[in-house]
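Structure file coords02.txt (compact mmCIF, C-alpha atoms) is printed below.
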# COMPACT_ATOMS: atom_id res chain seq x y z
CA MET A 1 -26.11 -18.19 -32.09
CA LYS A 2 -22.72 -18.81 -30.57
CA LYS A 3 -22.40 -17.89 -26.93
CA PHE A 4 -20.28 -14.88 -26.23
CA PHE A 5 -17.18 -15.86 -24.36
CA LEU A 6 -13.99 -14.45 -22.92
CA LYS A 7 -11.17 -14.67 -25.38
CA CYS A 8 -8.83 -13.32 -22.80
CA ILE A 9 -8.55 -16.32 -20.47
CA MET A 10 -4.98 -17.43 -20.71
CA VAL A 11 -1.89 -18.52 -18.93
CA ILE A 12 1.20 -16.86 -20.32
CA SER A 13 4.57 -18.12 -19.22
CA ILE A 14 7.29 -15.60 -19.66
CA GLY A 15 10.81 -16.95 -19.23
CA LEU A 16 13.01 -14.35 -17.68
CA ILE A 17 16.40 -15.10 -19.16
CA GLY A 18 19.45 -14.08 -17.25
CA LEU A 19 17.68 -13.54 -13.94
CA GLN A 20 19.40 -15.02 -11.00
CA PRO A 21 17.69 -17.07 -8.21
CA ILE A 22 15.81 -16.32 -5.14
CA GLN A 23 15.67 -18.51 -2.08
CA ALA A 24 13.12 -21.27 -2.38
CA GLU A 25 11.33 -20.35 0.83
CA GLU A 26 8.90 -17.44 0.77
CA LYS A 27 9.98 -16.19 4.16
CA VAL A 28 13.23 -15.90 6.04
CA LYS A 29 12.43 -17.42 9.40
CA GLU A 30 13.14 -15.65 12.64
CA LYS A 31 16.66 -16.44 13.78
CA ASP A 32 17.43 -16.27 17.46
CA ASP A 33 21.09 -15.56 16.78
CA LEU A 34 20.23 -12.31 14.98
CA ASN A 35 18.99 -10.66 18.18
CA LEU A 36 17.30 -7.85 16.25
CA ALA A 37 14.75 -5.48 17.83
CA GLU A 38 15.69 -6.53 21.36
CA ASN A 39 14.06 -3.41 22.83
CA SER A 40 10.64 -3.92 21.22
CA LYS A 41 7.77 -6.19 22.22
CA SER A 42 7.18 -7.10 18.59
CA ALA A 43 8.82 -6.31 15.29
CA ILE A 44 8.89 -7.23 11.64
CA LEU A 45 10.96 -6.51 8.53
CA ILE A 46 9.57 -7.09 5.03
CA GLU A 47 10.55 -6.30 1.44
CA ARG A 48 7.87 -4.06 -0.02
CA ASP A 49 7.28 -5.47 -3.51
CA THR A 50 7.06 -9.14 -2.57
CA GLY A 51 5.93 -8.79 1.04
CA LYS A 52 8.61 -11.36 1.89
CA ILE A 53 9.34 -11.46 5.61
CA LEU A 54 13.05 -10.97 6.23
CA TYR A 55 12.83 -10.98 10.02
CA GLU A 56 10.10 -11.13 12.63
CA LYS A 57 9.73 -11.16 16.38
CA SER A 58 6.30 -11.86 17.93
CA ALA A 59 4.89 -10.20 14.80
CA HIS A 60 1.32 -11.42 15.39
CA GLU A 61 1.07 -10.28 19.01
CA VAL A 62 -1.96 -8.01 19.42
CA LEU A 63 -0.93 -4.59 20.75
CA PRO A 64 -2.18 -0.98 20.73
CA PRO A 65 -0.77 0.71 17.60
CA ALA A 66 -1.09 4.32 18.83
CA SER A 67 -0.64 6.83 15.99
CA MET A 68 0.58 4.15 13.57
CA THR A 69 -3.19 3.84 13.12
CA LYS A 70 -2.81 6.81 10.78
CA ILE A 71 -1.20 4.51 8.18
CA MET A 72 -4.71 3.24 7.47
CA THR A 73 -6.08 6.79 7.65
CA LEU A 74 -3.47 7.90 5.09
CA LEU A 75 -4.26 4.89 2.88
CA LEU A 76 -7.93 5.86 2.67
CA ILE A 77 -6.99 9.50 2.03
CA MET A 78 -4.69 8.49 -0.84
CA GLU A 79 -7.36 6.23 -2.32
CA ALA A 80 -9.90 9.07 -2.16
CA LEU A 81 -7.42 11.30 -3.99
CA GLU A 82 -6.71 8.65 -6.63
CA GLU A 83 -10.40 8.07 -7.24
CA GLY A 84 -11.07 11.80 -7.60
CA GLN A 85 -13.38 11.89 -4.58
CA ILE A 86 -11.28 14.71 -3.15
CA LYS A 87 -8.58 17.01 -4.55
CA LEU A 88 -5.46 18.39 -2.93
CA ASP A 89 -6.46 22.00 -3.50
CA GLU A 90 -10.02 21.77 -2.23
CA THR A 91 -10.96 23.35 1.07
CA VAL A 92 -12.03 21.50 4.20
CA ARG A 93 -14.03 23.22 6.92
CA VAL A 94 -12.97 22.10 10.39
CA SER A 95 -15.75 20.88 12.68
CA GLU A 96 -15.96 21.46 16.41
CA HIS A 97 -15.37 17.74 16.91
CA ALA A 98 -12.19 17.70 14.80
CA ALA A 99 -10.85 20.83 16.52
CA SER A 100 -11.42 19.24 19.95
CA MET A 101 -8.97 16.37 19.39
CA GLY A 102 -6.24 16.15 22.01
CA GLY A 103 -2.78 14.65 21.79
CA SER A 104 -0.63 15.51 18.76
CA GLN A 105 -2.31 18.29 16.82
CA ILE A 106 -1.82 21.20 14.47
CA PHE A 107 -4.20 23.35 16.55
CA LEU A 108 -7.08 23.66 14.12
CA GLU A 109 -9.88 26.02 15.11
CA GLU A 110 -13.57 25.27 14.73
CA GLY A 111 -14.77 26.78 11.46
CA GLU A 112 -11.22 27.18 10.10
CA GLU A 113 -10.76 26.27 6.46
CA MET A 114 -7.65 24.48 5.23
CA SER A 115 -6.75 22.67 2.02
CA VAL A 116 -6.64 18.88 1.79
CA LYS A 117 -2.93 19.17 0.96
CA ASP A 118 -2.11 21.11 4.13
CA LEU A 119 -4.20 18.79 6.29
CA LEU A 120 -2.42 15.83 4.69
CA LYS A 121 0.90 17.43 5.65
CA GLY A 122 -0.45 17.87 9.17
CA VAL A 123 -1.19 14.14 9.39
CA ALA A 124 1.92 12.84 7.63
CA ILE A 125 4.51 15.10 9.25
CA ALA A 126 3.12 16.13 12.63
CA SER A 127 0.70 13.24 13.27
CA GLY A 128 -2.10 15.72 13.84
CA ASN A 129 -5.16 14.09 15.41
CA ASP A 130 -7.28 17.11 14.55
CA ALA A 131 -6.15 17.00 10.91
CA SER A 132 -6.88 13.25 10.75
CA VAL A 133 -10.44 13.69 11.98
CA ALA A 134 -11.06 16.71 9.74
CA LEU A 135 -10.07 14.69 6.67
CA ALA A 136 -11.99 11.64 7.86
CA GLU A 137 -15.17 13.70 8.20
CA HIS A 138 -14.57 15.35 4.82
CA ILE A 139 -14.17 12.01 3.05
CA ALA A 140 -16.84 9.94 4.78
CA GLY A 141 -19.26 12.51 6.21
CA SER A 142 -18.56 11.50 9.78
CA GLU A 143 -15.74 10.01 11.81
CA LYS A 144 -17.88 6.96 12.59
CA THR A 145 -18.44 6.21 8.90
CA PHE A 146 -14.75 6.67 8.18
CA VAL A 147 -13.86 4.18 10.93
CA LYS A 148 -16.19 1.68 9.27
CA MET A 149 -14.28 2.27 6.02
CA MET A 150 -11.05 1.59 7.91
CA ASN A 151 -12.29 -1.73 9.24
CA ASP A 152 -13.75 -2.70 5.86
CA LYS A 153 -10.31 -2.08 4.35
CA VAL A 154 -8.75 -4.22 7.07
CA LYS A 155 -10.96 -7.11 5.93
CA LYS A 156 -10.20 -6.44 2.28
CA LEU A 157 -6.48 -6.70 3.05
CA GLY A 158 -7.13 -10.07 4.71
CA LEU A 159 -5.95 -8.95 8.15
CA GLU A 160 -7.33 -10.87 11.12
CA ASN A 161 -5.75 -9.15 14.13
CA THR A 162 -6.63 -5.49 13.62
CA HIS A 163 -9.64 -3.46 14.67
CA PHE A 164 -9.94 0.32 14.71
CA LYS A 165 -12.17 2.57 16.81
CA ASN A 166 -10.88 5.92 15.52
CA PRO A 167 -8.63 7.34 12.75
CA THR A 168 -6.07 8.77 15.19
CA GLY A 169 -4.80 5.99 17.43
CA LEU A 170 -5.93 7.72 20.62
CA PRO A 171 -6.51 5.06 23.31
CA ALA A 172 -9.83 3.22 22.96
CA LYS A 173 -11.19 -0.17 23.93
CA ASP A 174 -10.94 -2.78 21.12
CA HIS A 175 -8.49 -0.64 19.15
CA TYR A 176 -5.59 -2.93 18.31
CA SER A 177 -3.25 -4.29 15.65
CA THR A 178 -0.02 -6.24 15.20
CA ALA A 179 3.40 -5.57 13.71
CA TYR A 180 2.57 -7.90 10.81
CA ASP A 181 -0.75 -6.20 10.09
CA MET A 182 0.83 -2.75 10.24
CA ALA A 183 3.46 -3.87 7.72
CA VAL A 184 0.74 -5.08 5.33
CA MET A 185 -1.08 -1.75 5.66
CA ALA A 186 2.16 0.11 5.02
CA LYS A 187 2.77 -2.05 1.94
CA ALA A 188 -0.67 -1.06 0.63
CA LEU A 189 -0.07 2.63 1.40
CA LEU A 190 3.25 2.58 -0.46
CA LYS A 191 1.47 1.59 -3.67
CA HIS A 192 0.76 5.34 -3.57
CA GLU A 193 4.46 6.17 -3.45
CA GLU A 194 3.69 9.88 -3.67
CA ILE A 195 2.80 9.70 0.03
CA THR A 196 6.55 9.74 0.69
CA GLU A 197 6.65 13.31 -0.65
CA TYR A 198 4.94 14.19 2.64
CA THR A 199 6.25 11.57 5.08
CA SER A 200 9.86 12.30 4.07
CA MET A 201 9.63 15.99 4.96
CA TYR A 202 11.54 16.74 8.14
CA ASP A 203 9.73 20.01 8.67
CA GLY A 204 7.43 22.50 6.98
CA TYR A 205 4.88 25.22 7.64
CA LEU A 206 1.11 25.62 7.71
CA ARG A 207 -0.60 29.01 7.34
CA GLU A 208 2.79 30.29 6.19
CA GLY A 209 3.13 34.06 6.20
CA THR A 210 0.18 34.62 8.54
CA GLU A 211 0.09 35.43 12.24
CA ASP A 212 -1.10 31.85 12.81
CA GLU A 213 1.90 30.30 11.03
CA PHE A 214 2.62 26.82 12.43
CA TRP A 215 5.91 24.95 12.19
CA LEU A 216 5.60 21.22 11.51
CA VAL A 217 8.40 18.93 12.64
CA ASN A 218 8.41 15.27 11.68
CA THR A 219 7.91 12.90 14.60
CA ASN A 220 10.02 10.34 12.68
CA LYS A 221 13.58 11.63 13.13
CA LEU A 222 15.01 8.83 10.98
CA VAL A 223 13.94 10.71 7.84
CA LYS A 224 16.80 13.08 8.65
CA PHE A 225 19.30 10.76 10.27
CA TYR A 226 19.10 7.49 8.26
CA ASP A 227 19.90 7.64 4.55
CA GLY A 228 16.99 6.30 2.49
CA VAL A 229 14.25 6.58 5.12
CA ASP A 230 11.25 8.47 3.72
CA GLY A 231 8.41 7.48 6.04
CA LEU A 232 6.12 6.36 7.48
CA LYS A 233 4.52 6.79 10.91
CA THR A 234 5.45 6.98 14.57
CA GLY A 235 3.22 6.23 17.52
CA TYR A 236 3.17 6.74 21.27
CA THR A 237 0.73 6.38 24.14
CA SER A 238 1.48 5.37 27.72
CA GLU A 239 -0.09 1.98 26.97
CA ALA A 240 1.46 1.38 23.53
CA LYS A 241 4.82 2.93 24.43
CA TYR A 242 7.04 3.93 21.49
CA CYS A 243 6.18 2.49 18.08
CA LEU A 244 7.36 3.12 14.52
CA THR A 245 6.53 1.87 11.08
CA ALA A 246 9.43 2.97 8.89
CA THR A 247 10.28 2.51 5.23
CA ALA A 248 13.54 3.05 3.41
CA LYS A 249 14.75 2.62 -0.16
CA LYS A 250 18.29 1.90 -1.34
CA ASN A 251 19.57 0.44 -4.60
CA ASN A 252 16.00 0.01 -5.88
CA MET A 253 15.03 -2.12 -2.87
CA ARG A 254 12.36 -0.79 -0.54
CA VAL A 255 11.80 -2.37 2.84
CA ILE A 256 9.29 -1.80 5.64
CA THR A 257 10.04 -2.22 9.34
CA VAL A 258 7.69 -2.12 12.31
CA ALA A 259 8.74 -1.90 15.96
CA MET A 260 6.14 -1.82 18.74
CA GLY A 261 6.35 -1.34 22.49
CA ALA A 262 9.84 0.12 23.08
CA ASP A 263 10.47 2.06 26.28
CA THR A 264 12.09 5.11 24.65
CA THR A 265 12.36 6.76 21.26
CA LYS A 266 16.09 6.03 21.29
CA LYS A 267 15.52 2.29 21.79
CA ARG A 268 12.75 2.24 19.19
CA ASN A 269 14.90 4.01 16.60
CA SER A 270 17.83 1.74 17.43
CA ASP A 271 15.71 -1.35 16.74
CA VAL A 272 14.43 0.02 13.44
CA THR A 273 17.92 1.11 12.37
CA GLU A 274 19.25 -2.34 13.20
CA MET A 275 16.62 -4.03 11.03
CA LEU A 276 17.25 -1.64 8.15
CA ASP A 277 21.00 -2.26 8.34
CA TYR A 278 20.34 -6.00 8.26
CA ALA A 279 18.05 -5.72 5.22
CA PHE A 280 20.38 -3.61 3.10
CA SER A 281 23.53 -5.54 4.01
CA GLN A 282 22.10 -9.01 3.46
CA PHE A 283 19.47 -8.77 0.70
CA ALA A 284 18.94 -7.41 -2.79
CA THR A 285 16.07 -7.33 -5.26
CA LYS A 286 15.63 -7.77 -8.98
CA LYS A 287 12.74 -5.79 -10.42
CA LEU A 288 10.61 -7.67 -12.94
CA PHE A 289 7.83 -5.18 -13.61
CA ASP A 290 7.22 -1.53 -12.83
CA SER A 291 3.90 -0.37 -11.44
CA ASN A 292 1.31 0.11 -14.21
CA GLN A 293 3.42 -1.84 -16.73
CA PRO A 294 1.34 -3.63 -19.41
CA VAL A 295 1.43 -7.44 -19.19
CA THR A 296 -1.37 -8.54 -21.54
CA ASN A 297 -4.59 -7.39 -23.24
CA LEU A 298 -8.18 -7.95 -22.26
CA GLU A 299 -10.35 -8.97 -25.22
CA MET A 300 -14.08 -9.39 -24.62
CA ILE A 301 -16.66 -9.69 -27.38
CA LYS A 302 -19.20 -7.71 -25.38
CA ALA A 303 -16.75 -4.87 -24.66
CA ALA A 304 -16.96 -1.47 -26.36
CA LYS A 305 -13.24 -1.72 -27.26
CA ASP A 306 -11.55 -4.60 -29.01
CA LYS A 307 -8.56 -4.58 -26.67
CA VAL A 308 -7.82 -2.97 -23.33
CA ARG A 309 -4.38 -3.15 -21.76
CA VAL A 310 -4.01 -5.02 -18.48
CA VAL A 311 -1.28 -3.63 -16.24
CA THR A 312 0.43 -4.40 -12.95
CA ASP A 313 -1.23 -2.97 -9.87
CA GLU A 314 2.17 -2.34 -8.26
CA SER A 315 5.85 -2.98 -8.93
CA ILE A 316 6.92 -6.62 -8.90
CA SER A 317 10.33 -7.91 -7.82
CA VAL A 318 12.14 -10.95 -6.50
CA VAL A 319 14.23 -10.67 -3.36
CA HIS A 320 17.31 -12.77 -2.65
CA LYS A 321 20.30 -13.04 -0.37
CA LYS A 322 23.26 -11.10 -1.68
CA GLY A 323 25.66 -13.34 -3.59
CA GLU A 324 23.01 -15.84 -4.65
CA LYS A 325 22.30 -16.28 -8.33
CA LEU A 326 18.86 -16.09 -9.90
CA GLU A 327 17.75 -18.65 -12.44
CA ASN A 328 14.67 -20.66 -13.39
CA ILE A 329 12.42 -17.67 -12.67
CA GLU A 330 9.23 -17.39 -14.69
CA THR A 331 6.00 -15.42 -14.52
CA LYS A 332 2.46 -16.45 -15.37
CA VAL A 333 -0.49 -14.21 -16.14
CA LYS A 334 -3.77 -15.72 -15.01
CA MET A 335 -6.98 -13.96 -16.04
CA LYS A 336 -10.22 -14.38 -14.12
CA SER A 337 -12.88 -16.49 -15.76
CA ASP A 338 -15.79 -14.49 -14.33
CA ILE A 339 -15.07 -10.94 -15.55
CA VAL A 340 -18.28 -8.92 -15.79
CA LEU A 341 -18.74 -5.66 -17.68
CA PRO A 342 -18.65 -2.75 -17.20
CA LEU A 343 -15.21 -2.35 -15.62
CA LYS A 344 -13.67 0.70 -14.00
CA LYS A 345 -10.03 1.70 -14.34
CA GLY A 346 -8.09 -0.25 -11.71
CA ASP A 347 -10.56 -3.14 -11.44
CA LYS A 348 -8.79 -6.44 -10.82
CA VAL A 349 -9.05 -8.91 -13.70
CA GLY A 350 -6.36 -11.43 -12.82
CA THR A 351 -3.04 -12.10 -11.18
CA LEU A 352 0.61 -12.24 -12.15
CA GLU A 353 2.47 -15.09 -10.49
CA VAL A 354 6.23 -15.23 -10.00
CA LEU A 355 7.61 -18.76 -9.74
CA LYS A 356 10.95 -20.45 -9.25
CA ASP A 357 11.20 -24.10 -10.28
CA ASN A 358 7.38 -24.07 -10.46
CA LYS A 359 7.10 -22.94 -6.81
CA LEU A 360 5.03 -19.81 -6.24
CA LEU A 361 7.09 -16.93 -4.85
CA SER A 362 4.58 -14.12 -5.12
CA GLU A 363 1.19 -13.26 -6.58
CA THR A 364 0.22 -9.72 -7.59
CA GLN A 365 -3.09 -8.34 -8.84
CA ILE A 366 -3.29 -7.08 -12.41
CA VAL A 367 -5.87 -4.46 -13.38
CA VAL A 368 -7.44 -2.79 -16.41
CA GLU A 369 -5.69 0.40 -17.50
CA GLU A 370 -8.94 2.22 -18.35
CA ASP A 371 -12.72 1.98 -18.06
CA VAL A 372 -14.30 -0.80 -20.13
CA ASP A 373 -17.95 -0.26 -21.10
CA ASN A 374 -20.46 -2.62 -22.64
CA ALA A 375 -20.59 -2.54 -26.41
CA SER A 376 -23.62 -0.89 -28.00
CA PHE A 377 -26.24 -3.00 -29.79
CA TRP A 378 -24.95 -1.89 -33.20
CA ARG A 379 -21.35 -2.71 -32.28
CA LEU A 380 -22.38 -6.18 -31.15
CA PHE A 381 -24.42 -6.62 -34.34
CA LYS A 382 -21.46 -5.58 -36.50
CA LYS A 383 -19.13 -7.93 -34.62
CA SER A 384 -21.58 -10.80 -35.11
CA MET A 385 -21.86 -10.07 -38.81
CA ASP A 386 -18.08 -9.83 -39.18
CA ASN A 387 -17.67 -13.18 -37.44
CA MET A 388 -20.29 -14.79 -39.66
CA LEU A 389 -18.56 -13.53 -42.81
CA LYS A 390 -15.27 -14.99 -41.57
CA ILE A 391 -16.76 -18.48 -41.31
CA GLU A 392 -15.71 -20.49 -44.36
CA PRO A 393 -18.29 -22.82 -45.96
CA SER A 394 -17.76 -26.51 -45.28

Whole structure, structure tokens version:
Amino acid sequence: MKKFFLKCIMVISIGLIGLQPIQAEEKVKEKDDLNLAENSKSAILIERDTGKILYEKSAHEVLPPASMTKIMTLLLIMEALEEGQIKLDETVRVSEHAASMGGSQIFLEEGEEMSVKDLLKGVAIASGNDASVALAEHIAGSEKTFVKMMNDKVKKLGLENTHFKNPTGLPAKDHYSTAYDMAVMAKALLKHEEITEYTSMYDGYLREGTEDEFWLVNTNKLVKFYDGVDGLKTGYTSEAKYCLTATAKKNNMRVITVAMGADTTKKRNSDVTEMLDYAFSQFATKKLFDSNQPVTNLEMIKAAKDKVRVVTDESISVVHKKGEKLENIETKVKMKSDIVLPLKKGDKVGTLEVLKDNKLLSETQIVVEEDVDNASFWRLFKKSMDNMLKIEPS
């Protein structure tokens, strides 16, 4: 009997006619004459879709991230929501431990019950340490287990200079990150672009209409004072000083900036504003694929369905200096050769490469659009019989 095999392994070259060209290098090197982020110990500016570095300053220097830690906390919360592990309208009971958190807080009481959505607002807008721990315990069962999830995700993202000891960013030994690593985490978080519905809110209320009503005010003032900014997370401790991971979108280009170690909020915001101005004045993007856009089909003999659509895991673009033309851009779909059934919706089955003159510019995961189960015995039998009947006699 013929061995079952993957019919789906392929390399598809798609010529993108009329596109105009990106710089050959994958990264714009740090330029001393730019003098950006002068007030910060370290900083970085990247384009979100490609991850292309547009500017960096000591971006791999290990520093305390303070409450920017909550970018990873928010990422795990959004993943739990996407996977159906938790729902926005379900109730969370606040533990004594969560209620005891100091620093920035929304003043949760032990035994109080609050919805996931309101706690998420408390983290995203007001940087609530108590809300962060309450959600961490609700998702993982304990703060310690959630922190393990955080560090496992760090490894999955391929980051080598980050380690977390808590989901809040409160000072702790061996709790550290870098501007580069924070930008990568922010890039992953922004795959769940709905997070900006919360991080872009300048203010809001919890327990509205009750005697315990609490006014939330965003710690990131740029969401009000810089057009296009809709997140993401501030940070401050006496050791870390003033930090900010910000994101902004204009003309279909989204960028991420990180500034760490500024002496004042004014200096921090000035550095971030400067980098955003540089990005939007000097660069532009051309979108190639939207998030969840079909790129090919998965066909496996042992699968319960004949074809399952394979889609992009996130939006895919090319970034270029303004005024430059785009040409000789192509994309290639590369399917894995070791795909094993069953598959869950969102499982990675290959990559989509973007190339210019055969040089790799970016590589993005592609995933199955739905669950893919093993075919039943009778389905396999029928397929085998159909294939036998198709064989012409010699």

*Write out as a ChimeraX atom specification each polymer residue whose atoms come within 12 Å of A:Thr264, counting only C-alpha atoms; drop sequence neighbours fewer than 5 positions from it.*
/A:39-40,235-238,240-244,259,269-271

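We find atom CA of A:Gly169 and atom CA of A:Ile71 to be spaced 10.0 Å apart.
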
*Identify, on the basis of only C-alpha atoms, every residue whose closest approach to stretch 369-372 of chain A does not exceed 8 Å; exclude the query and any residue fewer than 5 positions from it along the same chain; express the result as a list in words.*
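Counting only C-alpha atoms, the residues come to Asn292, Ala303, Ala304, Lys305, Val308, Arg309, Val310, Val311, Leu341, Pro342, Leu343, Lys344, Lys345 and Gly346 of chain A.
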
Residue selection dump (C-alpha atoms) as a compact mmCIF listing (two decimals), keeping the file's coordinate frame:
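Okay, result_23.txt is ready:
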# COMPACT_ATOMS: atom_id res chain seq x y z
CA ASN A 292 1.31 0.11 -14.21
CA ALA A 303 -16.75 -4.87 -24.66
CA ALA A 304 -16.96 -1.47 -26.36
CA LYS A 305 -13.24 -1.72 -27.26
CA VAL A 308 -7.82 -2.97 -23.33
CA ARG A 309 -4.38 -3.15 -21.76
CA VAL A 310 -4.01 -5.02 -18.48
CA VAL A 311 -1.28 -3.63 -16.24
CA LEU A 341 -18.74 -5.66 -17.68
CA PRO A 342 -18.65 -2.75 -17.20
CA LEU A 343 -15.21 -2.35 -15.62
CA LYS A 344 -13.67 0.70 -14.00
CA LYS A 345 -10.03 1.70 -14.34
CA GLY A 346 -8.09 -0.25 -11.71

*asked:* I'd like the neighbourhood of A:Glu47 as a list in words, where a residue qualifies if any of its atoms comes within 7 Å (using all atoms listed in the file), though same-chain residues fewer than 3 positions away should be ignored.
replied: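 Here the qualifying residues turn out to be Thr50, Gly51, Lys52, Ile53, Arg254, Val255 and Ile256 of chain A.
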
Could the residues in this selection be saved with C-alpha atoms as a PDB file, in the frame of the given file?
ATOM      1  CA  THR A  50       7.060  -9.140  -2.570  1.00  0.00           C
ATOM      2  CA  GLY A  51       5.930  -8.790   1.040  1.00  0.00           C
ATOM      3  CA  LYS A  52       8.610 -11.360   1.890  1.00  0.00           C
ATOM      4  CA  ILE A  53       9.340 -11.460   5.610  1.00  0.00           C
ATOM      5  CA  ARG A 254      12.360  -0.790  -0.540  1.00  0.00           C
ATOM      6  CA  VAL A 255      11.800  -2.370   2.840  1.00  0.00           C
ATOM      7  CA  ILE A 256       9.290  -1.800   5.640  1.00  0.00           C
TER       8      ILE A 256
END

_To one decimal place in Å, what is the distance between atom CA of A:Lys356 and atom CA of A:Val318?_
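A separation of 10.0 Å between them.
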
*Closest to A:Asp181 among A:Ala136, A:Met72, A:Val319, A:Val354, using only C-alpha atoms?*
A:Met72

*Name all residues at most 12 Å from A:Thr234 (count all atoms listed in the file; drop same-chain ones fewer than 6 positions away) and give them as an NGL selection string.*
:A and (65-71 or 104 or 123-128 or 168-169 or 182 or 199 or 218-223 or 240-247 or 257-262 or 265 or 268-269 or 272)

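Interatomic distance, atom CA of A:His192 against atom CA of A:Met78: 6.9 Å.
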
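In this comparison, which uses only C-alpha atoms, the residue of A:Glu299, A:Tyr55, A:Leu360, A:Lys224 approaching A:Tyr278 most closely is A:Tyr55.
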
*Find the residue from A:Gln105, A:Thr312, A:Ser42, A:Ser177 that sits nearest to A:Val367; use all atoms listed in the file when measuring.*
A:Thr312

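Distances to A:Ile316 were evaluated for A:Met201, A:Met275, A:Leu298, A:Ile366 using only C-alpha atoms, and the minimum falls at A:Ile366.
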
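Compared by their closest atoms to A:Val217, and using all atoms listed in the file, the residues A:Leu45, A:Val333, A:Val295, A:Ile106 rank with A:Ile106 nearest.
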
*From the list A:Glu143, A:Asp306, A:Glu330, A:Glu90, which residue is nearest A:Asn374 when using only C-alpha atoms?*
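Among the listed residues, A:Asp306 lies closest to A:Asn374.
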
*Selection near A:Thr91, 7 Å with all atoms listed in the file, sequence-local residues under 6 positions removed, as a ChimeraX atom specification*: /A:113-116

If I only have part of stretch 104-109 of chain A, can you fill in all heavy atoms and write it as an mmCIF file, keeping the file's coordinate frame?
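This is the output file out.cif:
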data_model
loop_
_atom_site.group_PDB
_atom_site.id
_atom_site.type_symbol
_atom_site.label_atom_id
_atom_site.label_comp_id
_atom_site.auth_asym_id
_atom_site.auth_seq_id
_atom_site.Cartn_x
_atom_site.Cartn_y
_atom_site.Cartn_z
ATOM 1 N N SER A 104 -1.342 14.802 19.834
ATOM 2 C CA SER A 104 -0.630 15.510 18.760
ATOM 3 C C SER A 104 -1.633 16.246 17.890
ATOM 4 O O SER A 104 -2.635 15.675 17.466
ATOM 5 C CB SER A 104 0.153 14.511 17.904
ATOM 6 O OG SER A 104 1.090 13.808 18.685
ATOM 7 N N GLN A 105 -1.356 17.503 17.602
ATOM 8 C CA GLN A 105 -2.310 18.290 16.820
ATOM 9 C C GLN A 105 -1.615 19.453 16.126
ATOM 10 O O GLN A 105 -0.478 19.795 16.437
ATOM 11 C CB GLN A 105 -3.428 18.814 17.716
ATOM 12 C CG GLN A 105 -2.949 19.614 18.907
ATOM 13 C CD GLN A 105 -4.082 20.004 19.833
ATOM 14 O OE1 GLN A 105 -5.006 20.699 19.438
ATOM 15 N NE2 GLN A 105 -4.006 19.556 21.088
ATOM 16 N N ILE A 106 -2.325 19.997 15.149
ATOM 17 C CA ILE A 106 -1.820 21.200 14.470
ATOM 18 C C ILE A 106 -2.646 22.420 14.869
ATOM 19 O O ILE A 106 -2.584 23.451 14.225
ATOM 20 C CB ILE A 106 -1.808 21.006 12.941
ATOM 21 C CG1 ILE A 106 -3.211 20.698 12.405
ATOM 22 C CG2 ILE A 106 -0.820 19.910 12.545
ATOM 23 C CD1 ILE A 106 -3.288 20.693 10.880
ATOM 24 N N PHE A 107 -3.448 22.262 15.919
ATOM 25 C CA PHE A 107 -4.200 23.350 16.550
ATOM 26 C C PHE A 107 -5.171 24.023 15.583
ATOM 27 O O PHE A 107 -5.181 25.238 15.419
ATOM 28 C CB PHE A 107 -3.240 24.363 17.187
ATOM 29 C CG PHE A 107 -2.368 23.741 18.241
ATOM 30 C CD1 PHE A 107 -1.067 23.348 17.945
ATOM 31 C CD2 PHE A 107 -2.856 23.508 19.522
ATOM 32 C CE1 PHE A 107 -0.265 22.745 18.913
ATOM 33 C CE2 PHE A 107 -2.058 22.902 20.487
ATOM 34 C CZ PHE A 107 -0.763 22.523 20.191
ATOM 35 N N LEU A 108 -6.005 23.157 14.976
ATOM 36 C CA LEU A 108 -7.080 23.660 14.120
ATOM 37 C C LEU A 108 -8.151 24.308 14.978
ATOM 38 O O LEU A 108 -8.426 23.885 16.104
ATOM 39 C CB LEU A 108 -7.689 22.520 13.312
ATOM 40 C CG LEU A 108 -6.771 21.854 12.285
ATOM 41 C CD1 LEU A 108 -7.440 20.621 11.704
ATOM 42 C CD2 LEU A 108 -6.398 22.837 11.177
ATOM 43 N N GLU A 109 -8.775 25.346 14.414
ATOM 44 C CA GLU A 109 -9.880 26.020 15.110
ATOM 45 C C GLU A 109 -11.194 25.627 14.461
ATOM 46 O O GLU A 109 -11.258 25.388 13.246
ATOM 47 C CB GLU A 109 -9.692 27.541 14.986
ATOM 48 C CG GLU A 109 -8.369 28.032 15.519
ATOM 49 C CD GLU A 109 -8.503 28.725 16.864
ATOM 50 O OE1 GLU A 109 -9.623 29.023 17.273
ATOM 51 O OE2 GLU A 109 -7.463 28.962 17.483
#
